[in-house]
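This is run31.cif. It holds mmCIF, N, CA and C atoms.
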```cif
data_work
#
loop_
_atom_site.label_atom_id
_atom_site.label_comp_id
_atom_site.auth_asym_id
_atom_site.auth_seq_id
_atom_site.Cartn_x
_atom_site.Cartn_y
_atom_site.Cartn_z
N MET U 222 0.18 -4.98 -3.76
CA MET U 222 -0.67 -4.34 -2.79
C MET U 222 -2.10 -4.79 -3.06
N THR U 223 -2.85 -5.02 -2.01
CA THR U 223 -4.24 -5.42 -2.16
C THR U 223 -5.12 -4.20 -2.41
N VAL U 224 -6.34 -4.44 -2.86
CA VAL U 224 -7.26 -3.34 -3.10
C VAL U 224 -7.55 -2.61 -1.79
N GLY U 225 -7.67 -3.34 -0.70
CA GLY U 225 -7.92 -2.71 0.59
C GLY U 225 -6.78 -1.81 1.03
N GLN U 226 -5.54 -2.29 0.83
CA GLN U 226 -4.37 -1.46 1.15
C GLN U 226 -4.35 -0.20 0.30
N ARG U 227 -4.73 -0.35 -0.97
CA ARG U 227 -4.74 0.81 -1.87
C ARG U 227 -5.80 1.83 -1.44
N ILE U 228 -6.96 1.35 -1.07
CA ILE U 228 -8.02 2.26 -0.61
C ILE U 228 -7.56 2.99 0.64
N ARG U 229 -7.00 2.25 1.59
CA ARG U 229 -6.52 2.87 2.83
C ARG U 229 -5.44 3.92 2.53
N GLU U 230 -4.52 3.57 1.64
CA GLU U 230 -3.44 4.49 1.31
C GLU U 230 -3.98 5.80 0.73
N ILE U 231 -4.91 5.70 -0.21
CA ILE U 231 -5.47 6.91 -0.83
C ILE U 231 -6.30 7.68 0.19
N ARG U 232 -7.08 6.97 0.97
CA ARG U 232 -7.91 7.64 1.99
C ARG U 232 -7.04 8.44 2.95
N ARG U 233 -5.94 7.84 3.39
CA ARG U 233 -5.07 8.53 4.33
C ARG U 233 -4.32 9.69 3.67
N GLU U 234 -3.93 9.51 2.41
CA GLU U 234 -3.29 10.61 1.69
C GLU U 234 -4.21 11.81 1.62
N ARG U 235 -5.50 11.54 1.48
CA ARG U 235 -6.51 12.61 1.38
C ARG U 235 -7.01 13.05 2.76
N GLU U 236 -6.40 12.48 3.81
CA GLU U 236 -6.75 12.80 5.19
C GLU U 236 -8.25 12.63 5.45
N MET U 237 -8.76 11.50 4.95
CA MET U 237 -10.17 11.15 5.14
C MET U 237 -10.26 10.01 6.15
N THR U 238 -11.31 10.02 6.92
CA THR U 238 -11.60 8.91 7.81
C THR U 238 -12.47 7.90 7.08
N LEU U 239 -12.60 6.71 7.66
CA LEU U 239 -13.53 5.74 7.08
C LEU U 239 -14.95 6.30 7.07
N LYS U 240 -15.28 7.05 8.09
CA LYS U 240 -16.61 7.67 8.15
C LYS U 240 -16.82 8.63 6.99
N ASP U 241 -15.78 9.40 6.65
CA ASP U 241 -15.87 10.32 5.51
C ASP U 241 -16.15 9.56 4.21
N VAL U 242 -15.43 8.45 4.02
CA VAL U 242 -15.61 7.65 2.81
C VAL U 242 -16.99 6.99 2.81
N ALA U 243 -17.42 6.52 3.98
CA ALA U 243 -18.75 5.91 4.07
C ALA U 243 -19.83 6.91 3.68
N GLU U 244 -19.70 8.13 4.17
CA GLU U 244 -20.68 9.17 3.84
C GLU U 244 -20.65 9.53 2.36
N ALA U 245 -19.45 9.56 1.78
CA ALA U 245 -19.31 9.93 0.37
C ALA U 245 -19.77 8.83 -0.58
N THR U 246 -19.77 7.59 -0.12
CA THR U 246 -20.10 6.47 -0.99
C THR U 246 -21.45 5.84 -0.71
N GLY U 247 -21.97 6.06 0.48
CA GLY U 247 -23.21 5.39 0.87
C GLY U 247 -22.98 3.96 1.34
N LEU U 248 -21.72 3.57 1.48
CA LEU U 248 -21.37 2.23 1.98
C LEU U 248 -21.20 2.30 3.49
N SER U 249 -21.39 1.18 4.15
CA SER U 249 -21.27 1.20 5.61
C SER U 249 -19.81 1.28 6.03
N LEU U 250 -19.61 1.87 7.18
CA LEU U 250 -18.28 1.98 7.77
C LEU U 250 -17.69 0.59 8.02
N THR U 251 -18.50 -0.32 8.50
CA THR U 251 -18.05 -1.69 8.77
C THR U 251 -17.60 -2.38 7.49
N TYR U 252 -18.39 -2.21 6.44
CA TYR U 252 -18.04 -2.84 5.15
C TYR U 252 -16.71 -2.28 4.65
N LEU U 253 -16.55 -0.97 4.68
CA LEU U 253 -15.31 -0.35 4.21
C LEU U 253 -14.12 -0.80 5.04
N SER U 254 -14.31 -0.93 6.34
CA SER U 254 -13.24 -1.43 7.20
C SER U 254 -12.86 -2.85 6.81
N ASP U 255 -13.86 -3.68 6.54
CA ASP U 255 -13.60 -5.06 6.12
C ASP U 255 -12.84 -5.10 4.79
N VAL U 256 -13.17 -4.20 3.88
CA VAL U 256 -12.46 -4.14 2.60
C VAL U 256 -11.00 -3.76 2.85
N GLU U 257 -10.77 -2.73 3.64
CA GLU U 257 -9.40 -2.29 3.91
C GLU U 257 -8.59 -3.38 4.59
N ARG U 258 -9.20 -4.17 5.42
CA ARG U 258 -8.50 -5.23 6.15
C ARG U 258 -8.39 -6.53 5.35
N GLY U 259 -8.97 -6.54 4.15
CA GLY U 259 -8.88 -7.72 3.31
C GLY U 259 -9.84 -8.82 3.69
N ARG U 260 -10.85 -8.50 4.49
CA ARG U 260 -11.82 -9.50 4.92
C ARG U 260 -12.90 -9.76 3.88
N THR U 261 -13.05 -8.84 2.95
CA THR U 261 -14.02 -8.99 1.87
C THR U 261 -13.48 -8.32 0.62
N THR U 262 -13.92 -8.79 -0.51
CA THR U 262 -13.49 -8.22 -1.79
C THR U 262 -14.67 -7.51 -2.43
N PRO U 263 -14.52 -6.23 -2.72
CA PRO U 263 -15.63 -5.47 -3.30
C PRO U 263 -15.85 -5.81 -4.77
N SER U 264 -17.08 -5.61 -5.21
CA SER U 264 -17.41 -5.79 -6.62
C SER U 264 -16.86 -4.60 -7.41
N LEU U 265 -16.87 -4.73 -8.72
CA LEU U 265 -16.41 -3.62 -9.56
C LEU U 265 -17.30 -2.40 -9.39
N LYS U 266 -18.59 -2.64 -9.25
CA LYS U 266 -19.53 -1.53 -9.02
C LYS U 266 -19.20 -0.80 -7.72
N THR U 267 -18.88 -1.56 -6.69
CA THR U 267 -18.51 -0.96 -5.40
C THR U 267 -17.20 -0.20 -5.51
N LEU U 268 -16.24 -0.76 -6.24
CA LEU U 268 -14.97 -0.05 -6.43
C LEU U 268 -15.18 1.28 -7.12
N ALA U 269 -16.10 1.32 -8.07
CA ALA U 269 -16.41 2.58 -8.75
C ALA U 269 -16.98 3.59 -7.76
N ARG U 270 -17.84 3.14 -6.84
CA ARG U 270 -18.40 4.03 -5.82
C ARG U 270 -17.31 4.55 -4.89
N VAL U 271 -16.40 3.66 -4.51
CA VAL U 271 -15.30 4.07 -3.62
C VAL U 271 -14.41 5.08 -4.33
N ALA U 272 -14.08 4.82 -5.58
CA ALA U 272 -13.25 5.76 -6.35
C ALA U 272 -13.91 7.12 -6.42
N GLU U 273 -15.19 7.13 -6.71
CA GLU U 273 -15.93 8.39 -6.78
C GLU U 273 -15.91 9.11 -5.43
N GLY U 274 -16.08 8.34 -4.36
CA GLY U 274 -16.05 8.92 -3.01
C GLY U 274 -14.69 9.49 -2.65
N LEU U 275 -13.64 8.92 -3.22
CA LEU U 275 -12.27 9.41 -2.99
C LEU U 275 -11.87 10.49 -4.00
N ALA U 276 -12.79 10.80 -4.92
CA ALA U 276 -12.57 11.82 -5.95
C ALA U 276 -11.42 11.47 -6.89
N ILE U 277 -11.37 10.18 -7.27
CA ILE U 277 -10.39 9.72 -8.25
C ILE U 277 -11.09 8.79 -9.23
N THR U 278 -10.39 8.44 -10.29
CA THR U 278 -10.96 7.50 -11.25
C THR U 278 -10.77 6.08 -10.73
N THR U 279 -11.58 5.17 -11.24
CA THR U 279 -11.44 3.77 -10.88
C THR U 279 -10.07 3.25 -11.31
N THR U 280 -9.60 3.72 -12.46
CA THR U 280 -8.28 3.33 -12.94
C THR U 280 -7.20 3.75 -11.96
N ASP U 281 -7.28 4.99 -11.46
CA ASP U 281 -6.29 5.45 -10.47
C ASP U 281 -6.39 4.64 -9.18
N LEU U 282 -7.60 4.28 -8.80
CA LEU U 282 -7.77 3.47 -7.59
C LEU U 282 -7.09 2.11 -7.76
N MET U 283 -7.22 1.53 -8.93
CA MET U 283 -6.70 0.18 -9.16
C MET U 283 -5.22 0.16 -9.52
N ASN U 284 -4.63 1.31 -9.74
CA ASN U 284 -3.21 1.38 -10.08
C ASN U 284 -2.36 0.80 -8.95
N GLY U 285 -1.62 -0.25 -9.27
CA GLY U 285 -0.75 -0.86 -8.28
C GLY U 285 -1.37 -2.01 -7.51
N VAL U 286 -2.65 -2.30 -7.76
CA VAL U 286 -3.30 -3.42 -7.07
C VAL U 286 -2.97 -4.70 -7.81
N ASP U 287 -2.56 -5.69 -7.06
CA ASP U 287 -2.26 -6.99 -7.63
C ASP U 287 -3.30 -7.98 -7.09
N TRP U 288 -4.18 -8.42 -7.94
CA TRP U 288 -5.30 -9.26 -7.53
C TRP U 288 -4.86 -10.66 -7.15
N LEU U 289 -3.72 -11.10 -7.61
CA LEU U 289 -3.29 -12.46 -7.29
C LEU U 289 -2.50 -12.52 -6.00
N GLY U 290 -2.19 -11.37 -5.41
CA GLY U 290 -1.45 -11.35 -4.16
C GLY U 290 0.04 -11.55 -4.34
N GLU U 291 0.49 -11.57 -5.57
CA GLU U 291 1.91 -11.73 -5.84
C GLU U 291 2.59 -10.37 -5.75
N VAL U 292 3.87 -10.40 -5.42
CA VAL U 292 4.63 -9.17 -5.41
C VAL U 292 5.20 -8.97 -6.81
N THR U 293 4.58 -8.09 -7.55
CA THR U 293 5.04 -7.78 -8.90
C THR U 293 5.49 -6.32 -8.92
N PRO U 294 6.36 -5.95 -9.84
CA PRO U 294 6.81 -4.55 -9.89
C PRO U 294 5.66 -3.55 -10.00
N ASP U 295 4.62 -3.89 -10.76
CA ASP U 295 3.49 -2.97 -10.90
C ASP U 295 2.70 -2.81 -9.62
N ALA U 296 2.79 -3.77 -8.72
CA ALA U 296 2.03 -3.72 -7.48
C ALA U 296 2.77 -2.98 -6.37
N LEU U 297 4.02 -2.61 -6.60
CA LEU U 297 4.80 -1.93 -5.57
C LEU U 297 4.43 -0.45 -5.49
N PRO U 298 4.40 0.09 -4.28
CA PRO U 298 4.09 1.51 -4.13
C PRO U 298 5.24 2.39 -4.61
N PRO U 299 4.96 3.68 -4.80
CA PRO U 299 6.00 4.61 -5.25
C PRO U 299 7.22 4.55 -4.34
N GLY U 300 8.36 4.68 -4.92
CA GLY U 300 9.60 4.68 -4.16
C GLY U 300 10.14 3.28 -3.94
N LEU U 301 9.29 2.35 -3.51
CA LEU U 301 9.75 0.98 -3.30
C LEU U 301 10.08 0.33 -4.64
N ARG U 302 9.32 0.64 -5.65
CA ARG U 302 9.62 0.14 -6.99
C ARG U 302 10.98 0.65 -7.44
N ASP U 303 11.26 1.93 -7.15
CA ASP U 303 12.55 2.52 -7.52
C ASP U 303 13.69 1.85 -6.75
N LEU U 304 13.46 1.56 -5.48
CA LEU U 304 14.48 0.90 -4.67
C LEU U 304 14.73 -0.51 -5.20
N LYS U 305 13.66 -1.21 -5.56
CA LYS U 305 13.79 -2.57 -6.10
C LYS U 305 14.54 -2.56 -7.44
N ASP U 306 14.38 -1.49 -8.23
CA ASP U 306 15.05 -1.36 -9.53
C ASP U 306 16.48 -0.85 -9.41
N ASP U 307 16.87 -0.38 -8.22
CA ASP U 307 18.21 0.16 -8.03
C ASP U 307 19.25 -0.96 -8.23
N PRO U 308 20.31 -0.67 -9.00
CA PRO U 308 21.30 -1.71 -9.27
C PRO U 308 21.96 -2.29 -8.00
N TYR U 309 22.17 -1.47 -7.00
CA TYR U 309 22.81 -1.94 -5.78
C TYR U 309 21.80 -2.54 -4.80
N TRP U 310 20.81 -1.74 -4.40
CA TRP U 310 19.87 -2.15 -3.36
C TRP U 310 18.90 -3.22 -3.84
N GLY U 311 18.52 -3.15 -5.10
CA GLY U 311 17.56 -4.11 -5.63
C GLY U 311 18.03 -5.55 -5.50
N GLY U 312 19.32 -5.77 -5.64
CA GLY U 312 19.86 -7.12 -5.50
C GLY U 312 19.76 -7.66 -4.08
N GLN U 313 19.58 -6.78 -3.11
CA GLN U 313 19.48 -7.21 -1.71
C GLN U 313 18.03 -7.42 -1.25
N LEU U 314 17.09 -6.95 -2.07
CA LEU U 314 15.68 -7.03 -1.70
C LEU U 314 15.02 -8.24 -2.36
N ASP U 315 15.02 -9.36 -1.65
CA ASP U 315 14.31 -10.52 -2.19
C ASP U 315 12.82 -10.38 -1.89
N GLU U 316 12.03 -11.34 -2.32
CA GLU U 316 10.58 -11.24 -2.15
C GLU U 316 10.17 -11.17 -0.68
N GLU U 317 10.89 -11.85 0.19
CA GLU U 317 10.57 -11.81 1.62
C GLU U 317 10.76 -10.40 2.18
N TRP U 318 11.85 -9.73 1.79
CA TRP U 318 12.08 -8.35 2.24
C TRP U 318 11.01 -7.42 1.68
N ILE U 319 10.65 -7.60 0.43
CA ILE U 319 9.61 -6.75 -0.17
C ILE U 319 8.30 -6.93 0.60
N ARG U 320 7.93 -8.15 0.90
CA ARG U 320 6.70 -8.41 1.66
C ARG U 320 6.77 -7.76 3.05
N THR U 321 7.93 -7.81 3.67
CA THR U 321 8.12 -7.17 4.98
C THR U 321 7.93 -5.67 4.86
N LEU U 322 8.57 -5.07 3.88
CA LEU U 322 8.47 -3.63 3.70
C LEU U 322 7.05 -3.19 3.35
N LEU U 323 6.32 -4.02 2.62
CA LEU U 323 4.95 -3.67 2.26
C LEU U 323 4.03 -3.57 3.47
N ARG U 324 4.42 -4.15 4.59
CA ARG U 324 3.61 -4.08 5.80
C ARG U 324 3.89 -2.82 6.61
N VAL U 325 4.87 -2.05 6.19
CA VAL U 325 5.29 -0.88 6.96
C VAL U 325 4.41 0.32 6.65
N ASP U 326 3.96 0.95 7.70
CA ASP U 326 3.44 2.31 7.59
C ASP U 326 3.80 3.01 8.88
N TYR U 327 4.01 4.29 8.78
CA TYR U 327 4.44 5.07 9.93
C TYR U 327 3.42 6.17 10.14
N ARG U 328 2.73 6.09 11.26
CA ARG U 328 1.67 7.05 11.57
C ARG U 328 0.64 7.10 10.45
N GLY U 329 0.32 5.93 9.96
CA GLY U 329 -0.72 5.82 8.94
C GLY U 329 -0.28 6.13 7.53
N LYS U 330 1.01 6.35 7.33
CA LYS U 330 1.48 6.67 5.98
C LYS U 330 2.61 5.74 5.59
N ARG U 331 2.66 5.45 4.31
CA ARG U 331 3.76 4.65 3.78
C ARG U 331 4.88 5.58 3.36
N PRO U 332 6.09 5.07 3.39
CA PRO U 332 7.18 5.85 2.78
C PRO U 332 6.82 6.14 1.32
N GLN U 333 7.28 7.26 0.80
CA GLN U 333 6.90 7.66 -0.56
C GLN U 333 8.05 7.62 -1.56
N SER U 334 9.24 7.91 -1.10
CA SER U 334 10.37 8.00 -2.05
C SER U 334 11.31 6.82 -1.85
N LYS U 335 12.20 6.66 -2.80
CA LYS U 335 13.22 5.62 -2.69
C LYS U 335 14.03 5.80 -1.41
N GLN U 336 14.39 7.04 -1.11
CA GLN U 336 15.16 7.33 0.11
C GLN U 336 14.36 6.99 1.36
N ASP U 337 13.06 7.30 1.36
CA ASP U 337 12.21 6.96 2.50
C ASP U 337 12.21 5.45 2.76
N TRP U 338 12.06 4.67 1.68
CA TRP U 338 12.05 3.22 1.82
C TRP U 338 13.40 2.70 2.29
N LEU U 339 14.47 3.31 1.80
CA LEU U 339 15.81 2.90 2.22
C LEU U 339 16.01 3.17 3.71
N GLU U 340 15.47 4.28 4.20
CA GLU U 340 15.58 4.63 5.61
C GLU U 340 14.75 3.69 6.50
N VAL U 341 13.81 3.00 5.93
CA VAL U 341 13.06 1.98 6.66
C VAL U 341 13.80 0.65 6.56
N TYR U 342 14.27 0.33 5.38
CA TYR U 342 14.91 -0.97 5.12
C TYR U 342 16.20 -1.16 5.93
N LEU U 343 17.07 -0.17 5.94
CA LEU U 343 18.38 -0.34 6.58
C LEU U 343 18.29 -0.65 8.07
N PRO U 344 17.51 0.10 8.85
CA PRO U 344 17.40 -0.26 10.27
C PRO U 344 16.73 -1.63 10.47
N LEU U 345 15.73 -1.94 9.65
CA LEU U 345 15.09 -3.25 9.76
C LEU U 345 16.09 -4.36 9.47
N ARG U 346 16.92 -4.15 8.49
CA ARG U 346 17.91 -5.15 8.14
C ARG U 346 18.88 -5.37 9.29
N ARG U 347 19.25 -4.28 9.99
CA ARG U 347 20.13 -4.41 11.15
C ARG U 347 19.46 -5.15 12.29
N VAL U 348 18.18 -4.90 12.51
CA VAL U 348 17.46 -5.53 13.60
C VAL U 348 17.09 -6.97 13.28
N ILE U 349 16.53 -7.19 12.10
CA ILE U 349 16.07 -8.52 11.72
C ILE U 349 17.22 -9.39 11.26
N GLY U 350 18.17 -8.75 10.58
CA GLY U 350 19.29 -9.50 10.02
C GLY U 350 18.99 -10.02 8.65
N ASP U 351 19.99 -10.49 7.99
CA ASP U 351 19.81 -11.05 6.65
C ASP U 351 19.26 -12.44 6.75
N SER U 352 18.35 -12.74 5.86
CA SER U 352 17.74 -14.07 5.85
C SER U 352 18.60 -15.05 5.11
#
```
Encoding of this model in structure tokens:
Amino acid sequence: MTVGQRIREIRREREMTLKDVAEATGLSLTYLSDVERGRTTPSLKTLARVAEGLAITTTDLMNGVDWLGEVTPDALPPGLRDLKDDPYWGGQLDEEWIRTLLRVDYRGKRPQSKQDWLEVYLPLRRVIGDS
């Protein structure tokens, strides 16, 4: 997950708008939008301001962020990591499927549990088919 995806995920979990985060951090709404969309990469100082604005630690903000853009187990969101580690389902989830699932959000929220991710994966697999 990118830093922008992580910021968006936490912001939405806290039911905050970009405007709320902009006001809490002193950063512009446009800049924060660009960060969330991956158009710019914030400095460490800026990340600290964003974390403070979200009322979390910088460490918590960076948890699960993969700076190289690779799909690693540590970069997977909650539940998806569990699904990937599952003896049965994990063998069916190659890197392409993981990347597909990472793009999923429903009404601004990502699935949270292994079961939630499975309920997204199975219908997608039926529609898209096996690669």
Please indicate the distance in Å from CA of Val242 (chain U) to CA of Asn284 (chain U), rounded to one decimal place. 19.0 Å
Could you name the residues that touch region 266-274 of chain U at 8 Å or less, counting all atoms listed in the file, but leaving out those on the same chain fewer than 4 positions away, as a ChimeraX atom specification? /U:228,241-248,262,278-283
Pick from U:Val341, U:Ile231, U:Ile349, U:Val286, whichever lies nearest to Leu322 (chain U) using all atoms listed in the file: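 For Leu322 (chain U), the nearest of the candidates is U:Val341.
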Reference answer for the PyMOL selection byres (((chain U and resi 226 and name CA) around 12) and name CA), as a ChimeraX atom specification: /U:222-225,227-233,253-260,262,282-288,290,296-298,323-326,329-331
So how many Å separate atom C of Trp310 (chain U) and atom N of Pro332 (chain U), to one decimal? 16.9 Å
Radius query 7 Å about (8.4, 5.1, -3.8), atoms used: all atoms listed in the file, as a PyMOL selection string: chain U and resi 298-304+332-336+338
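Atom C of Leu239 (chain U) is found 8.7 Å from CA of Thr251 (chain U).
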Run the PyMOL selection byres (((chain U and resi 314 and name CA) around 12) and name CA) on the file and write out the hits as a PyMOL selection string. chain U and resi 292+301-313+315-323+338-339+342-343+346+351-352
Among chain U, which ones does DSSP place in alpha helix (DSSP H), written as a VMD selection string? chain U and resid 224 to 234 239 to 246 250 to 257 265 to 274 279 to 283 301 to 306 316 to 323 335 to 349
Here is a test: counting only C-alpha atoms, which residue of U:Thr261, U:Ser249, U:Arg347, U:Met237 is nearest to Leu275 (chain U)? U:Met237
